[in-house]
file protein26.cif (mmCIF, C-alpha atoms)
data_target
#
loop_
_atom_site.label_atom_id
_atom_site.label_comp_id
_atom_site.auth_asym_id
_atom_site.auth_seq_id
_atom_site.Cartn_x
_atom_site.Cartn_y
_atom_site.Cartn_z
CA MET F 1 22.24 103.41 83.94
CA GLU F 2 24.97 101.02 82.87
CA LEU F 3 27.01 101.09 86.08
CA ASP F 4 24.29 101.87 88.64
CA GLY F 5 25.35 100.59 92.05
CA ARG F 6 28.97 100.06 91.06
CA VAL F 7 31.83 101.71 92.97
CA VAL F 8 34.93 102.91 91.15
CA VAL F 9 38.25 104.36 92.31
CA VAL F 10 40.20 106.58 89.92
CA THR F 11 43.73 107.42 91.04
CA GLY F 12 44.96 110.84 89.97
CA GLY F 13 41.33 111.61 89.21
CA THR F 14 41.35 115.32 90.01
CA ARG F 15 42.40 116.80 86.67
CA GLY F 16 43.21 116.02 83.05
CA VAL F 17 42.67 112.47 81.88
CA GLY F 18 41.84 111.25 85.38
CA ALA F 19 39.06 113.79 85.86
CA GLY F 20 37.68 112.89 82.43
CA ILE F 21 37.62 109.23 83.41
CA ALA F 22 35.89 110.02 86.70
CA ARG F 23 33.23 112.08 84.90
CA SER F 24 32.53 109.27 82.46
CA PHE F 25 31.97 106.83 85.31
CA LEU F 26 29.70 109.31 87.10
CA ALA F 27 27.70 109.75 83.90
CA ALA F 28 27.38 105.95 83.68
CA GLY F 29 25.81 105.86 87.13
CA ALA F 30 28.75 104.68 89.27
CA GLU F 31 29.78 106.01 92.64
CA VAL F 32 33.29 107.41 92.13
CA ALA F 33 36.10 108.01 94.61
CA VAL F 34 39.16 109.89 93.38
CA CYS F 35 42.51 110.30 95.09
CA ALA F 36 45.57 112.45 94.47
CA ARG F 37 48.22 114.25 96.45
CA ARG F 38 46.44 117.59 96.00
CA PRO F 39 42.70 118.38 95.97
CA PRO F 40 41.00 119.47 92.75
CA ASP F 41 40.41 123.15 92.10
CA GLU F 42 36.71 122.30 92.11
CA PRO F 43 34.85 119.05 92.79
CA VAL F 44 34.87 116.51 89.95
CA SER F 45 31.24 116.16 88.87
CA ALA F 46 28.97 115.14 86.01
CA ASP F 47 25.20 115.06 85.52
CA GLY F 48 24.66 116.60 88.94
CA ARG F 49 26.68 113.90 90.69
CA GLN F 50 30.03 114.36 92.42
CA ALA F 51 33.08 112.20 93.08
CA SER F 52 34.46 112.00 96.60
CA PHE F 53 38.08 113.06 97.11
CA THR F 54 40.77 111.73 99.44
CA PRO F 55 44.34 113.08 99.59
CA LEU F 56 46.75 110.19 99.07
CA ASP F 57 50.38 109.53 98.21
CA LEU F 58 50.30 106.30 96.22
CA ARG F 59 53.95 105.68 97.09
CA ASP F 60 52.94 104.98 100.72
CA PRO F 61 51.70 101.34 100.81
CA GLY F 62 50.20 101.64 104.28
CA ALA F 63 48.21 104.73 103.37
CA VAL F 64 47.06 103.07 100.15
CA ARG F 65 45.74 100.03 102.01
CA ASP F 66 43.93 102.28 104.50
CA PHE F 67 42.38 104.24 101.63
CA PHE F 68 40.90 101.18 99.93
CA ASP F 69 39.63 99.81 103.23
CA ALA F 70 37.93 103.18 103.86
CA VAL F 71 36.34 103.21 100.39
CA ALA F 72 34.98 99.69 100.89
CA ASP F 73 33.72 100.62 104.34
CA ARG F 74 31.98 103.76 103.05
CA TYR F 75 30.33 102.24 99.99
CA GLY F 76 30.14 98.59 101.00
CA ARG F 77 31.92 97.34 97.89
CA LEU F 78 34.51 98.08 95.19
CA ASP F 79 33.95 97.16 91.54
CA CYS F 80 36.74 98.82 89.57
CA LEU F 81 40.13 100.42 90.08
CA VAL F 82 41.37 102.74 87.35
CA ASN F 83 45.12 103.17 87.79
CA ASN F 84 45.52 106.56 86.14
CA ALA F 85 47.96 108.48 88.35
CA GLY F 86 51.31 109.05 86.70
CA GLY F 87 53.21 111.34 84.39
CA THR F 88 56.68 112.75 83.87
CA PRO F 89 58.52 115.95 82.98
CA TYR F 90 60.61 116.07 79.82
CA ARG F 91 64.13 115.06 80.84
CA LEU F 92 66.82 113.42 78.72
CA LEU F 93 68.45 110.47 80.47
CA GLY F 94 71.84 112.19 80.61
CA GLU F 95 70.35 115.31 82.18
CA GLY F 96 69.07 113.72 85.37
CA GLU F 97 70.44 111.58 88.15
CA ALA F 98 69.37 107.95 88.41
CA GLU F 99 67.33 108.81 91.50
CA ARG F 100 65.13 111.21 89.51
CA HIS F 101 64.43 108.66 86.81
CA ALA F 102 63.74 106.04 89.48
CA ARG F 103 61.02 108.26 90.95
CA VAL F 104 59.30 108.32 87.55
CA VAL F 105 59.33 104.51 87.47
CA GLU F 106 58.04 104.41 91.05
CA LEU F 107 55.06 106.63 90.24
CA ASN F 108 54.14 105.01 86.93
CA LEU F 109 54.79 101.33 87.68
CA LEU F 110 55.25 100.58 91.36
CA ALA F 111 52.41 102.83 92.58
CA PRO F 112 49.82 101.18 90.30
CA MET F 113 50.98 97.77 91.52
CA THR F 114 50.64 98.96 95.12
CA ALA F 115 47.11 100.21 94.47
CA ALA F 116 46.06 97.03 92.67
CA LEU F 117 47.34 94.84 95.49
CA ALA F 118 45.47 96.92 98.06
CA ALA F 119 42.26 96.81 96.01
CA ARG F 120 42.46 93.10 95.22
CA PRO F 121 40.60 91.72 98.28
CA TRP F 122 37.65 94.02 97.62
CA LEU F 123 37.58 93.55 93.86
CA GLY F 124 37.61 89.79 94.29
CA ARG F 125 34.34 89.94 96.23
CA THR F 126 32.52 91.67 93.37
CA ARG F 127 34.36 89.95 90.50
CA GLY F 128 35.51 93.41 89.57
CA SER F 129 38.23 94.74 87.32
CA VAL F 130 41.39 96.82 87.10
CA VAL F 131 41.97 99.26 84.25
CA MET F 132 45.58 100.35 83.82
CA ILE F 133 46.20 103.61 81.97
CA GLY F 134 49.14 102.90 79.72
CA SER F 135 50.75 104.89 76.94
CA VAL F 136 52.09 104.49 73.42
CA SER F 137 55.36 105.66 75.03
CA GLY F 138 55.62 102.11 76.33
CA THR F 139 55.39 100.63 72.84
CA ARG F 140 58.02 102.70 71.00
CA PRO F 141 61.19 104.68 71.76
CA SER F 142 60.44 107.55 74.14
CA PRO F 143 63.34 110.06 73.95
CA GLY F 144 63.08 112.68 76.68
CA THR F 145 60.75 110.47 78.69
CA ALA F 146 62.67 107.19 78.64
CA ALA F 147 61.97 106.21 82.24
CA TYR F 148 58.26 106.91 81.70
CA GLY F 149 58.20 104.79 78.55
CA ALA F 150 59.97 101.95 80.33
CA ALA F 151 57.51 102.14 83.22
CA LYS F 152 54.49 102.09 80.91
CA ALA F 153 55.90 99.09 79.06
CA GLY F 154 56.26 97.36 82.40
CA LEU F 155 52.74 98.36 83.42
CA GLU F 156 51.24 96.70 80.36
CA ASN F 157 53.17 93.50 81.05
CA LEU F 158 52.19 93.65 84.73
CA ALA F 159 48.52 93.88 83.73
CA ARG F 160 48.78 90.80 81.53
CA SER F 161 50.37 88.80 84.33
CA MET F 162 47.76 90.01 86.83
CA ALA F 163 45.01 89.00 84.42
CA ILE F 164 46.24 85.41 84.55
CA GLU F 165 47.09 85.25 88.25
CA TRP F 166 43.86 86.86 89.42
CA ALA F 167 41.46 85.11 87.05
CA PRO F 168 38.64 84.27 87.14
CA ASP F 169 37.73 86.62 89.97
CA ILE F 170 39.25 89.87 88.65
CA ARG F 171 39.68 91.10 85.09
CA VAL F 172 42.71 93.29 84.30
CA ASN F 173 43.12 95.34 81.13
CA THR F 174 45.14 98.29 79.82
CA LEU F 175 44.15 101.37 77.85
CA VAL F 176 47.15 102.36 75.74
CA LEU F 177 46.77 106.09 75.22
CA GLY F 178 48.10 108.31 72.52
CA MET F 179 48.14 112.09 72.81
CA VAL F 180 45.37 113.66 74.89
CA ARG F 181 44.29 117.29 75.02
CA THR F 182 44.16 118.40 78.65
CA GLU F 183 44.75 121.64 80.55
CA LEU F 184 48.46 120.74 80.53
CA ALA F 185 48.69 120.00 76.79
CA HIS F 186 50.62 123.23 76.19
CA LEU F 187 53.52 121.87 78.25
CA HIS F 188 53.96 119.05 75.74
CA TYR F 189 52.82 120.54 72.42
CA GLY F 190 53.08 124.33 72.75
CA ASP F 191 50.45 126.99 72.08
CA GLY F 192 47.12 126.52 70.32
CA ALA F 193 48.76 126.40 66.92
CA GLY F 194 51.20 123.74 68.12
CA ILE F 195 48.42 121.63 69.60
CA GLU F 196 46.43 121.88 66.36
CA ALA F 197 49.50 120.97 64.29
CA VAL F 198 50.26 117.95 66.46
CA GLY F 199 46.63 116.86 66.29
CA ALA F 200 46.78 116.99 62.50
CA THR F 201 49.43 114.26 62.55
CA VAL F 202 46.92 111.82 64.09
CA PRO F 203 44.93 109.82 61.50
CA LEU F 204 41.63 110.86 63.11
CA GLY F 205 42.74 114.49 62.85
CA ARG F 206 42.79 115.55 66.49
CA LEU F 207 44.13 114.79 69.94
CA ALA F 208 41.97 112.63 72.20
CA GLU F 209 39.73 114.33 74.72
CA PRO F 210 39.65 113.03 78.32
CA ALA F 211 36.08 111.87 77.72
CA ASP F 212 37.29 109.61 74.90
CA VAL F 213 39.51 107.84 77.40
CA GLY F 214 36.77 107.79 80.02
CA ASP F 215 34.27 106.14 77.72
CA ALA F 216 36.79 103.41 76.86
CA ALA F 217 37.45 102.83 80.57
CA VAL F 218 33.71 102.56 81.27
CA PHE F 219 33.47 99.90 78.55
CA LEU F 220 36.28 97.82 80.06
CA ALA F 221 34.70 98.07 83.51
CA SER F 222 31.23 97.17 82.29
CA ASP F 223 29.53 93.83 81.70
CA ARG F 224 29.90 94.45 77.96
CA ALA F 225 33.59 93.57 78.44
CA ARG F 226 32.88 90.59 80.68
CA TYR F 227 35.07 88.28 78.54
CA VAL F 228 37.88 90.82 78.03
CA SER F 229 40.91 90.35 80.27
CA GLY F 230 44.63 90.67 79.69
CA ALA F 231 43.90 92.95 76.75
CA SER F 232 45.53 96.20 75.62
CA LEU F 233 43.06 98.55 73.95
CA LEU F 234 44.70 101.22 71.80
CA VAL F 235 43.10 104.64 72.25
CA HIS F 236 45.32 106.67 69.95
CA GLY F 237 43.22 107.83 67.03
CA GLY F 238 44.89 105.49 64.58
CA GLY F 239 48.45 105.94 65.82
CA GLU F 240 51.31 107.73 64.12
CA ARG F 241 51.94 108.04 60.40
CA PRO F 242 55.29 106.34 59.65
CA ALA F 243 57.94 108.99 59.00
CA PHE F 244 59.39 107.12 56.02
CA LEU F 245 56.20 107.72 54.03
CA ASP F 246 56.87 111.46 54.01
CA ALA F 247 60.62 111.07 53.49
CA ALA F 248 60.36 108.73 50.49
CA THR F 249 60.56 110.19 46.99
CA VAL F 250 58.17 107.66 45.43
CA ASN F 251 54.58 106.57 45.88
CA LYS F 252 53.41 110.01 46.97
CA GLU F 253 49.72 110.69 47.17
CA SER F 254 48.56 113.14 44.52
#
call {"tool": "encode", "arguments": {"input": "protein26.cif", "output": "structure tokens"}}
result
Amino acid sequence: MELDGRVVVVTGGTRGVGAGIARSFLAAGAEVAVCARRPPDEPVSADGRQASFTPLDLRDPGAVRDFFDAVADRYGRLDCLVNNAGGTPYRLLGEGEAERHARVVELNLLAPMTAALAARPWLGRTRGSVVMIGSVSGTRPSPGTAAYGAAKAGLENLARSMAIEWAPDIRVNTLVLGMVRTELAHLHYGDGAGIEAVGATVPLGRLAEPADVGDAAVFLASDRARYVSGASLLVHGGGERPAFLDAATVNKES
């Protein structure tokens, strides 16, 4: 299989997008280690193979370093880090204290940097790669999730700088995600009808599935992307239809 013998870490890999990414790597033949603050409801598995799980708070640099050392000791190598852990509740800037917004930035920007730094010695030995999980929230205004959008914008810039500083030994790329249908999609888009309506606004006609993201991550980690570094790959189904097209009173499609 494409990634036979490779070892991959997926942070936040116990549910949603992270679990989908982990399953894609398992299906591609990789050994997968996932970490999160809480264990999964059931083991993350695919094609009869299972990811290992370690409880970890990515905001604890010492624990993060110990985790990557343990992964390398267990498997003998590390080939890819997928920095997926992150997220945010809906909160307008004026409705939360600065400390709350700072915690969102810490989880979505500083924690991925901490993980990448801890993984770097091991990735350098295998000429491996880092895949950052970014968001379209970092490329446009993000009302209600402003701190998250700012963090994701910073994450994409961080990846580009890492790609230069760590070349040629380590490739670093970003997947810039649009809307994804997970078990928590109802918190963002409402009931089934709301999710379907939101999906209809995407040019490809639906929300992404976690496996769509996972397959893109496998590509960036594979030898097929051996000359891809410092790149931002949009995984958003074609993006968002500009609002002015629907508001205009001319040039309407018949």
call {"tool": "closest_residue", "arguments": {"input": "protein26.cif", "among": "F:Asn173, F:Gly192, F:Gly214, F:Arg74", "to": "Leu26 in chain F", "atoms": "all atoms listed in the file"}}
result
F:Gly214
call {"tool": "resolve_selection", "arguments": {"input": "protein26.cif", "expression": "the PyMOL selection byres ((chain F and resi 175) around 8)", "output": "ChimeraX atom specification"}}
result
/F:131-135,173-174,176-177,213,216-217,232-235
call {"tool": "atom_distance", "arguments": {"input": "protein26.cif", "atom1": "CA of Thr14 in chain F", "atom2": "CA of Met179 in chain F"}}
result
18.8 Å
call {"tool": "closest_residue", "arguments": {"input": "protein26.cif", "among": "F:Pro89, F:Ala72, F:Leu81, F:Val44", "to": "Gly20 in chain F", "atoms": "all atoms listed in the file"}}
result
F:Val44
call {"tool": "resolve_selection", "arguments": {"input": "protein26.cif", "expression": "the PyMOL selection byres ((chain F and resi 88) around 10)", "output": "NGL selection string"}}
result
:F and (86-87 or 89-91 or 101 or 103-105 or 107-108 or 144-149)
call {"tool": "closest_residue", "arguments": {"input": "protein26.cif", "among": "F:Gly178, F:Gly230, F:Pro143, F:Gly239", "to": "Glu209 in chain F", "atoms": "all atoms listed in the file"}}
result
F:Gly178
call {"tool": "closest_residue", "arguments": {"input": "protein26.cif", "among": "F:Leu207, F:Val172, F:Leu123, F:Val64", "to": "Arg226 in chain F", "atoms": "only C-alpha atoms"}}
result
F:Val172
call {"tool": "atom_distance", "arguments": {"input": "protein26.cif", "atom1": "CA of Arg160 in chain F", "atom2": "CA of Pro203 in chain F"}}
result
27.9 Å
call {"tool": "atom_distance", "arguments": {"input": "protein26.cif", "atom1": "CA of Ile170 in chain F", "atom2": "CA of Arg59 in chain F"}}
result
23.2 Å
call {"tool": "resolve_selection", "arguments": {"input": "protein26.cif", "expression": "the PyMOL selection byres ((chain F and resi 128) around 7)", "output": "mmCIF file with C-alpha atoms, keeping the file's coordinate frame"}}
result
data_model
loop_
_atom_site.group_PDB
_atom_site.id
_atom_site.type_symbol
_atom_site.label_atom_id
_atom_site.label_comp_id
_atom_site.auth_asym_id
_atom_site.auth_seq_id
_atom_site.Cartn_x
_atom_site.Cartn_y
_atom_site.Cartn_z
ATOM 1 C CA ASP F 79 33.950 97.160 91.540
ATOM 2 C CA CYS F 80 36.740 98.820 89.570
ATOM 3 C CA LEU F 123 37.580 93.550 93.860
ATOM 4 C CA GLY F 124 37.610 89.790 94.290
ATOM 5 C CA THR F 126 32.520 91.670 93.370
ATOM 6 C CA ARG F 127 34.360 89.950 90.500
ATOM 7 C CA SER F 129 38.230 94.740 87.320
ATOM 8 C CA ILE F 170 39.250 89.870 88.650
ATOM 9 C CA ARG F 171 39.680 91.100 85.090
#
call {"tool": "closest_residue", "arguments": {"input": "protein26.cif", "among": "F:Ile164, F:Ile21, F:Val9, F:Val136", "to": "Ser52 in chain F", "atoms": "all atoms listed in the file"}}
result
F:Val9
call {"tool": "closest_residue", "arguments": {"input": "protein26.cif", "among": "F:Val250, F:Ala36, F:Leu204, F:Leu220", "to": "His236 in chain F", "atoms": "all atoms listed in the file"}}
result
F:Leu204
call {"tool": "residues_near_point", "arguments": {"input": "protein26.cif", "point": "(48.6, 106.3, 61.3)", "cutoff": "9 Å", "atoms": "all atoms listed in the file", "output": "list in words"}}
result
Thr201, Val202, Pro203, Leu204, Gly237, Gly238, Gly239, Glu240, Arg241 and Pro242 of chain F
call {"tool": "residues_around", "arguments": {"input": "protein26.cif", "residues": "Arg125 in chain F", "least_positions_apart": "3", "cutoff": "8 Å", "atoms": "all atoms listed in the file", "output": "PyMOL selection string"}}
result
chain F and resi 77+121-122+128+169
call {"tool": "residues_around", "arguments": {"input": "protein26.cif", "residues": "Pro39 in chain F", "least_positions_apart": "2", "cutoff": "10 Å", "atoms": "only C-alpha atoms", "output": "list in words"}}
result
Gly12, Gly13, Thr14, Arg15, Val34, Cys35, Ala36, Arg37, Asp41, Glu42, Pro43, Phe53, Thr54, Pro55 and Leu56 of chain F
